[in-house]
Amino acid sequence: MRFSTLSSILALGALEAVATTIYLCGDSTMARAGANDGATDGWGQYFGDYATVPVVNKAIGGRSARSYWNEGRFQEVADLVQAGDVVVIEFGHNDGGSPTSNDNGRSDCPGQGTETCISDKTGETVYTFVFYVIQASKMMTAKGATVVLSSQTPNNLWETGTFNDAPSRFVGYQVTAANSLGSDVTYVDHFQAVANMYKKLGNGATNALYPNDHTHTSPDGARLSAEAFAQAIRTQLNGATSLVNYVDPNSPTVY
């Protein structure tokens, strides 16, 4: 009996040692309170309802891959992760513009490789979106975590009254980053998953999810984006990811 009890304690300890946590890195479309306007929210606040392990939302409004890196926020997450954890990285909404023309501190250098620019405001060397995402991914995998690179959520695809699902260039850049890394880094097209959902919802229902602008959704819209993300993972929209075993198999089907 004593041996059995000891074995149970050791087994419990082993389970605790390999317990997985999901960390989310992103911008206001993922972050708590969305645009901080009292009417919007980020999808990262709802994904935990469809995950079978703890989810820690480290998204911060107004950030790009560059500013999240420069502020040490990727390092902060890397300091938290343990072997077996999963890190989701999703940026793009704030990465546009040019660091060489009235640099806003968020714009990445144009290109999808090792191109560099010099900020006209700070004189710092600015790298590409792909570069920042690759470096962040390597930082996480060095700790034994796996990474899921997620394409940005779309803006309101029915804004003009006609459905337009043309993706931003940062959707393609995320694919480029994923293809440049090893098997510990996989890709999910969150943009396409939400686009599929919006097409199904139609003009009126989709427009109702955007109370103030064409980027930030209401809490209902944020939940739907989380459900679309979970469905994309569960159905392996872009192949298997390291999240596939941590999404509720009974999560909603929204597209």
# chains A, B, ... in the order shown; residues from 1 in each chain; ligands from 1
$ select_by_dssp --residues "segment 10-157 of chain A" --states "helix (DSSP H, G or I)" --output "PyMOL selection string"
chain A and resi 10-17+43-45+47-50+65-70+73-80+129-141
$ write_last_selection --atoms "N, CA and C atoms" --output "compact mmCIF listing (two decimals), in the first residue's frame"
# COMPACT_ATOMS: atom_id res chain seq x y z
N LEU A 10 4.55 9.97 -7.26
CA LEU A 10 5.57 10.19 -8.29
C LEU A 10 4.93 10.39 -9.65
N ALA A 11 3.89 9.62 -9.93
CA ALA A 11 3.20 9.74 -11.22
C ALA A 11 2.55 11.11 -11.35
N LEU A 12 1.94 11.58 -10.26
CA LEU A 12 1.32 12.90 -10.27
C LEU A 12 2.35 13.98 -10.52
N GLY A 13 3.50 13.83 -9.88
CA GLY A 13 4.58 14.80 -10.08
C GLY A 13 5.05 14.82 -11.52
N ALA A 14 5.12 13.66 -12.14
CA ALA A 14 5.54 13.58 -13.54
C ALA A 14 4.53 14.27 -14.44
N LEU A 15 3.23 14.09 -14.15
CA LEU A 15 2.20 14.74 -14.94
C LEU A 15 2.29 16.26 -14.82
N GLU A 16 2.54 16.73 -13.58
CA GLU A 16 2.65 18.16 -13.37
C GLU A 16 3.86 18.72 -14.12
N ALA A 17 4.91 17.93 -14.20
CA ALA A 17 6.13 18.40 -14.85
C ALA A 17 5.94 18.62 -16.34
N TRP A 43 -9.65 38.23 -29.39
CA TRP A 43 -10.04 36.82 -29.43
C TRP A 43 -9.27 35.96 -28.44
N GLY A 44 -8.08 36.42 -28.02
CA GLY A 44 -7.31 35.66 -27.05
C GLY A 44 -7.99 35.51 -25.72
N GLN A 45 -8.93 36.38 -25.42
CA GLN A 45 -9.67 36.31 -24.16
C GLN A 45 -10.67 35.16 -24.14
N PHE A 47 -10.24 32.18 -26.33
CA PHE A 47 -9.71 30.90 -26.80
C PHE A 47 -9.60 29.88 -25.68
N GLY A 48 -9.35 30.33 -24.47
CA GLY A 48 -9.26 29.41 -23.34
C GLY A 48 -10.51 28.58 -23.13
N ASP A 49 -11.65 29.08 -23.59
CA ASP A 49 -12.91 28.33 -23.45
C ASP A 49 -12.93 27.11 -24.36
N TYR A 50 -12.04 27.06 -25.33
CA TYR A 50 -12.01 25.96 -26.29
C TYR A 50 -10.71 25.17 -26.24
N ALA A 65 5.19 43.12 -34.71
CA ALA A 65 6.25 42.16 -34.41
C ALA A 65 7.51 42.89 -33.96
N ARG A 66 7.78 44.02 -34.61
CA ARG A 66 8.97 44.81 -34.27
C ARG A 66 8.89 45.39 -32.87
N SER A 67 7.80 46.08 -32.54
CA SER A 67 7.73 46.74 -31.24
C SER A 67 7.59 45.72 -30.11
N TYR A 68 6.93 44.61 -30.36
CA TYR A 68 6.83 43.55 -29.35
C TYR A 68 8.22 43.01 -29.05
N TRP A 69 9.05 42.91 -30.09
CA TRP A 69 10.44 42.46 -29.91
C TRP A 69 11.26 43.52 -29.17
N ASN A 70 11.18 44.76 -29.65
CA ASN A 70 12.01 45.82 -29.08
C ASN A 70 11.68 46.11 -27.62
N ARG A 73 9.04 41.99 -25.04
CA ARG A 73 7.87 41.19 -24.69
C ARG A 73 8.01 39.74 -25.13
N PHE A 74 8.66 39.50 -26.26
CA PHE A 74 8.95 38.10 -26.62
C PHE A 74 9.87 37.48 -25.59
N GLN A 75 10.86 38.24 -25.12
CA GLN A 75 11.77 37.73 -24.10
C GLN A 75 11.01 37.41 -22.82
N GLU A 76 10.05 38.26 -22.48
CA GLU A 76 9.24 38.02 -21.28
C GLU A 76 8.50 36.69 -21.37
N VAL A 77 7.94 36.41 -22.54
CA VAL A 77 7.24 35.13 -22.72
C VAL A 77 8.24 33.98 -22.69
N ALA A 78 9.38 34.16 -23.35
CA ALA A 78 10.40 33.10 -23.35
C ALA A 78 10.87 32.78 -21.94
N ASP A 79 10.90 33.78 -21.08
CA ASP A 79 11.31 33.56 -19.70
C ASP A 79 10.28 32.73 -18.93
N LEU A 80 9.05 32.73 -19.42
CA LEU A 80 7.97 32.00 -18.74
C LEU A 80 7.81 30.57 -19.25
N PHE A 129 9.40 41.89 -41.00
CA PHE A 129 8.42 41.13 -40.23
C PHE A 129 8.88 39.68 -40.09
N VAL A 130 9.30 39.10 -41.20
CA VAL A 130 9.74 37.70 -41.21
C VAL A 130 10.91 37.50 -40.25
N PHE A 131 11.85 38.42 -40.27
CA PHE A 131 13.02 38.32 -39.39
C PHE A 131 12.61 38.32 -37.92
N TYR A 132 11.76 39.25 -37.53
CA TYR A 132 11.35 39.33 -36.12
C TYR A 132 10.61 38.06 -35.70
N VAL A 133 9.73 37.57 -36.56
CA VAL A 133 8.96 36.37 -36.21
C VAL A 133 9.88 35.15 -36.11
N ILE A 134 10.84 35.04 -37.01
CA ILE A 134 11.77 33.92 -36.96
C ILE A 134 12.61 33.97 -35.69
N GLN A 135 13.11 35.14 -35.34
CA GLN A 135 13.93 35.25 -34.14
C GLN A 135 13.11 34.93 -32.89
N ALA A 136 11.88 35.41 -32.85
CA ALA A 136 11.01 35.10 -31.71
C ALA A 136 10.73 33.61 -31.61
N SER A 137 10.47 32.99 -32.75
CA SER A 137 10.19 31.55 -32.76
C SER A 137 11.39 30.75 -32.26
N LYS A 138 12.58 31.13 -32.71
CA LYS A 138 13.79 30.44 -32.27
C LYS A 138 14.00 30.61 -30.77
N MET A 139 13.64 31.78 -30.26
CA MET A 139 13.76 32.03 -28.83
C MET A 139 12.88 31.06 -28.03
N MET A 140 11.67 30.79 -28.53
CA MET A 140 10.74 29.90 -27.84
C MET A 140 11.16 28.44 -27.98
N THR A 141 11.54 28.04 -29.19
CA THR A 141 11.91 26.63 -29.37
C THR A 141 13.19 26.28 -28.63
$ residues_around --residues "Ala33 of chain A" --least-positions-apart "5" --cutoff "7 Å" --atoms "only C-alpha atoms" --output "PyMOL selection string"
chain A and resi 40-42
$ closest_residue --among "A:Val254, A:Ile89, A:Ala240, A:Ala142" --to "Ala177 of chain A" --atoms "only C-alpha atoms"
A:Ile89
$ residues_around --residues "Asp85 of chain A" --least-positions-apart "3" --cutoff "9 Å" --atoms "only C-alpha atoms" --output "CSV table (one decimal) with N, CA, C and O atoms, in the first residue's frame"
chain,number,residue,atom,x,y,z
A,18,VAL,N,5.0,17.8,-16.9
A,18,VAL,CA,4.8,18.0,-18.4
A,18,VAL,C,3.6,18.7,-18.7
A,18,VAL,O,3.1,18.7,-19.9
A,19,ALA,N,2.9,19.3,-17.8
A,19,ALA,CA,1.7,20.1,-18.0
A,19,ALA,C,2.0,21.2,-19.0
A,19,ALA,O,3.0,21.8,-18.9
A,20,THR,N,1.1,21.4,-20.0
A,20,THR,CA,1.3,22.3,-21.0
A,20,THR,C,0.5,23.6,-20.8
A,20,THR,O,-0.6,23.6,-20.3
A,21,THR,N,1.1,24.7,-21.1
A,21,THR,CA,0.5,26.0,-21.1
A,21,THR,C,0.6,26.6,-22.5
A,21,THR,O,1.6,26.5,-23.2
A,22,ILE,N,-0.5,27.3,-22.9
A,22,ILE,CA,-0.5,28.0,-24.2
A,22,ILE,C,-0.3,29.5,-24.0
A,22,ILE,O,-1.0,30.0,-23.2
A,23,TYR,N,0.7,30.1,-24.6
A,23,TYR,CA,0.9,31.5,-24.5
A,23,TYR,C,0.6,32.2,-25.8
A,23,TYR,O,0.9,31.7,-26.9
A,81,VAL,N,8.1,30.4,-20.5
A,81,VAL,CA,7.7,29.1,-21.1
A,81,VAL,C,8.7,28.0,-20.6
A,81,VAL,O,9.8,28.2,-20.2
A,82,GLN,N,8.1,26.8,-20.6
A,82,GLN,CA,8.8,25.6,-20.3
A,82,GLN,C,8.7,24.6,-21.4
A,82,GLN,O,7.8,24.7,-22.3
A,144,GLY,N,12.4,24.7,-25.5
A,144,GLY,CA,11.7,23.5,-25.6
A,144,GLY,C,10.2,23.6,-25.9
A,144,GLY,O,9.5,22.6,-25.9
A,145,ALA,N,9.8,24.8,-26.2
A,145,ALA,CA,8.4,25.0,-26.6
A,145,ALA,C,8.2,24.8,-28.1
A,145,ALA,O,9.2,24.8,-28.8
A,146,THR,N,7.0,24.6,-28.5
A,146,THR,CA,6.7,24.6,-29.9
A,146,THR,C,5.9,25.9,-30.2
A,146,THR,O,5.4,26.6,-29.3
A,147,VAL,N,5.9,26.3,-31.5
A,147,VAL,CA,5.4,27.6,-31.9
A,147,VAL,C,4.3,27.4,-33.0
A,147,VAL,O,4.5,26.6,-33.9
$ closest_residue --among "A:Val185, A:Val55, A:Ile60, A:Ala178" --to "Ala31 of chain A" --atoms "only C-alpha atoms"
A:Ile60
$ atom_distance --atom1 "atom CA of His93 of chain A" --atom2 "atom CA of Gly182 of chain A"
25.6 Å
$ closest_residue --among "A:Thr114, A:Asn203, A:Ser119, A:Thr176" --to "Gly161 of chain A" --atoms "only C-alpha atoms"
A:Asn203
$ select_by_dssp --residues "segment 46-255 of chain A" --states "strand (DSSP E or B)" --output "PyMOL selection string"
chain A and resi 51+55-57+86-90+109+116-118+125-128+146-150+185-188+237+239+247
$ write_last_selection --atoms "C-alpha atoms" --output "PDB file, in the first residue's frame"
ATOM      1  CA  ALA A  51      -8.626  24.777 -25.043  1.00  0.00           C
ATOM      2  CA  VAL A  55      -4.085  29.782 -21.885  1.00  0.00           C
ATOM      3  CA  VAL A  56      -2.080  32.901 -20.970  1.00  0.00           C
ATOM      4  CA  ASN A  57      -2.890  35.908 -23.132  1.00  0.00           C
ATOM      5  CA  VAL A  86       2.961  26.120 -27.017  1.00  0.00           C
ATOM      6  CA  VAL A  87       3.404  29.745 -28.123  1.00  0.00           C
ATOM      7  CA  VAL A  88       1.047  31.320 -30.662  1.00  0.00           C
ATOM      8  CA  ILE A  89       2.447  34.346 -32.509  1.00  0.00           C
ATOM      9  CA  GLU A  90       0.070  36.529 -34.525  1.00  0.00           C
ATOM     10  CA  CYS A 109      11.395  47.014 -42.987  1.00  0.00           C
ATOM     11  CA  THR A 116      17.246  46.080 -43.195  1.00  0.00           C
ATOM     12  CA  CYS A 117      16.296  49.744 -42.962  1.00  0.00           C
ATOM     13  CA  ILE A 118      17.407  52.628 -40.792  1.00  0.00           C
ATOM     14  CA  THR A 125      18.408  49.166 -37.643  1.00  0.00           C
ATOM     15  CA  VAL A 126      14.947  47.848 -38.487  1.00  0.00           C
ATOM     16  CA  TYR A 127      14.403  44.311 -39.744  1.00  0.00           C
ATOM     17  CA  THR A 128      11.587  42.634 -41.663  1.00  0.00           C
ATOM     18  CA  THR A 146       6.669  24.611 -29.915  1.00  0.00           C
ATOM     19  CA  VAL A 147       5.359  27.574 -31.896  1.00  0.00           C
ATOM     20  CA  VAL A 148       2.235  28.109 -33.970  1.00  0.00           C
ATOM     21  CA  LEU A 149       2.521  31.035 -36.372  1.00  0.00           C
ATOM     22  CA  SER A 150      -0.964  32.365 -36.972  1.00  0.00           C
ATOM     23  CA  VAL A 185       7.079  25.625 -35.776  1.00  0.00           C
ATOM     24  CA  THR A 186       3.802  25.188 -37.649  1.00  0.00           C
ATOM     25  CA  TYR A 187       1.318  27.507 -39.343  1.00  0.00           C
ATOM     26  CA  VAL A 188      -2.415  28.137 -39.157  1.00  0.00           C
ATOM     27  CA  LEU A 237      -6.915  23.611 -41.970  1.00  0.00           C
ATOM     28  CA  GLY A 239      -2.077  20.562 -41.501  1.00  0.00           C
ATOM     29  CA  VAL A 247      -8.315  22.021 -28.519  1.00  0.00           C
TER      30      VAL A 247
END
$ residues_around --residues "Ala208 of chain A" --least-positions-apart "5" --cutoff "10 Å" --atoms "only C-alpha atoms" --output "list in words"
Asn156, Asn203, Thr217, Ser218, Asp220 and Gly221 of chain A
$ write_last_selection --atoms "N, CA, C and O atoms" --output "short mmCIF file (atom, residue, chain, number, x, y, z; two decimals), in the first residue's frame"
data_model
loop_
_atom_site.label_atom_id
_atom_site.label_comp_id
_atom_site.auth_asym_id
_atom_site.auth_seq_id
_atom_site.Cartn_x
_atom_site.Cartn_y
_atom_site.Cartn_z
N ASN A 156 -12.82 43.98 -41.53
CA ASN A 156 -14.19 43.71 -41.94
C ASN A 156 -14.24 43.46 -43.45
O ASN A 156 -14.11 44.39 -44.24
N ASN A 203 -23.23 39.83 -44.98
CA ASN A 203 -22.95 41.25 -44.85
C ASN A 203 -23.42 41.83 -43.52
O ASN A 203 -22.65 42.38 -42.74
N THR A 217 -13.21 44.00 -33.19
CA THR A 217 -14.55 43.44 -33.10
C THR A 217 -15.12 43.57 -31.69
O THR A 217 -14.40 43.75 -30.71
N SER A 218 -16.41 43.46 -31.61
CA SER A 218 -17.11 43.39 -30.33
C SER A 218 -16.72 42.11 -29.60
O SER A 218 -16.09 41.21 -30.18
N ASP A 220 -18.61 39.68 -28.96
CA ASP A 220 -19.20 38.57 -29.74
C ASP A 220 -18.32 38.23 -30.93
O ASP A 220 -18.11 37.04 -31.25
N GLY A 221 -17.81 39.25 -31.60
CA GLY A 221 -16.93 39.00 -32.73
C GLY A 221 -15.62 38.36 -32.32
O GLY A 221 -15.08 37.49 -33.01
#
$ atom_distance --atom1 "atom CA of Val53 of chain A" --atom2 "atom CA of Asn196 of chain A"
26.5 Å
$ atom_distance --atom1 "atom CA of Asn207 of chain A" --atom2 "atom CA of Leu157 of chain A"
8.7 Å
$ closest_residue --among "A:Glu159, A:Pro154, A:Tyr210, A:Asn179" --to "Ala228 of chain A" --atoms "only C-alpha atoms"
A:Pro154
$ closest_residue --among "A:Gly105, A:Gly62, A:Gly113, A:Pro54" --to "Asp27 of chain A" --atoms "only C-alpha atoms"
A:Gly62
$ decode --residues "segment 104-125 of chain A" --atoms "C-alpha atoms" --output "mmCIF file, in the first residue's frame"
data_model
loop_
_atom_site.group_PDB
_atom_site.id
_atom_site.type_symbol
_atom_site.label_atom_id
_atom_site.label_comp_id
_atom_site.auth_asym_id
_atom_site.auth_seq_id
_atom_site.Cartn_x
_atom_site.Cartn_y
_atom_site.Cartn_z
ATOM 1 C CA ASN A 104 6.137 55.256 -35.881
ATOM 2 C CA GLY A 105 8.218 52.681 -34.022
ATOM 3 C CA ARG A 106 6.080 49.810 -35.270
ATOM 4 C CA SER A 107 6.665 49.572 -39.020
ATOM 5 C CA ASP A 108 8.873 46.724 -40.192
ATOM 6 C CA CYS A 109 11.395 47.014 -42.987
ATOM 7 C CA PRO A 110 9.755 46.008 -46.298
ATOM 8 C CA GLY A 111 10.735 42.582 -47.587
ATOM 9 C CA GLN A 112 10.507 38.990 -46.505
ATOM 10 C CA GLY A 113 14.103 38.098 -45.747
ATOM 11 C CA THR A 114 17.145 39.749 -44.219
ATOM 12 C CA GLU A 115 16.561 43.236 -45.620
ATOM 13 C CA THR A 116 17.246 46.080 -43.195
ATOM 14 C CA CYS A 117 16.296 49.744 -42.962
ATOM 15 C CA ILE A 118 17.407 52.628 -40.792
ATOM 16 C CA SER A 119 14.742 54.412 -38.769
ATOM 17 C CA ASP A 120 14.515 58.089 -39.627
ATOM 18 C CA LYS A 121 13.473 58.780 -36.030
ATOM 19 C CA THR A 122 15.826 56.719 -33.863
ATOM 20 C CA GLY A 123 18.600 55.662 -36.229
ATOM 21 C CA GLU A 124 18.058 52.019 -35.192
ATOM 22 C CA THR A 125 18.408 49.166 -37.643
#
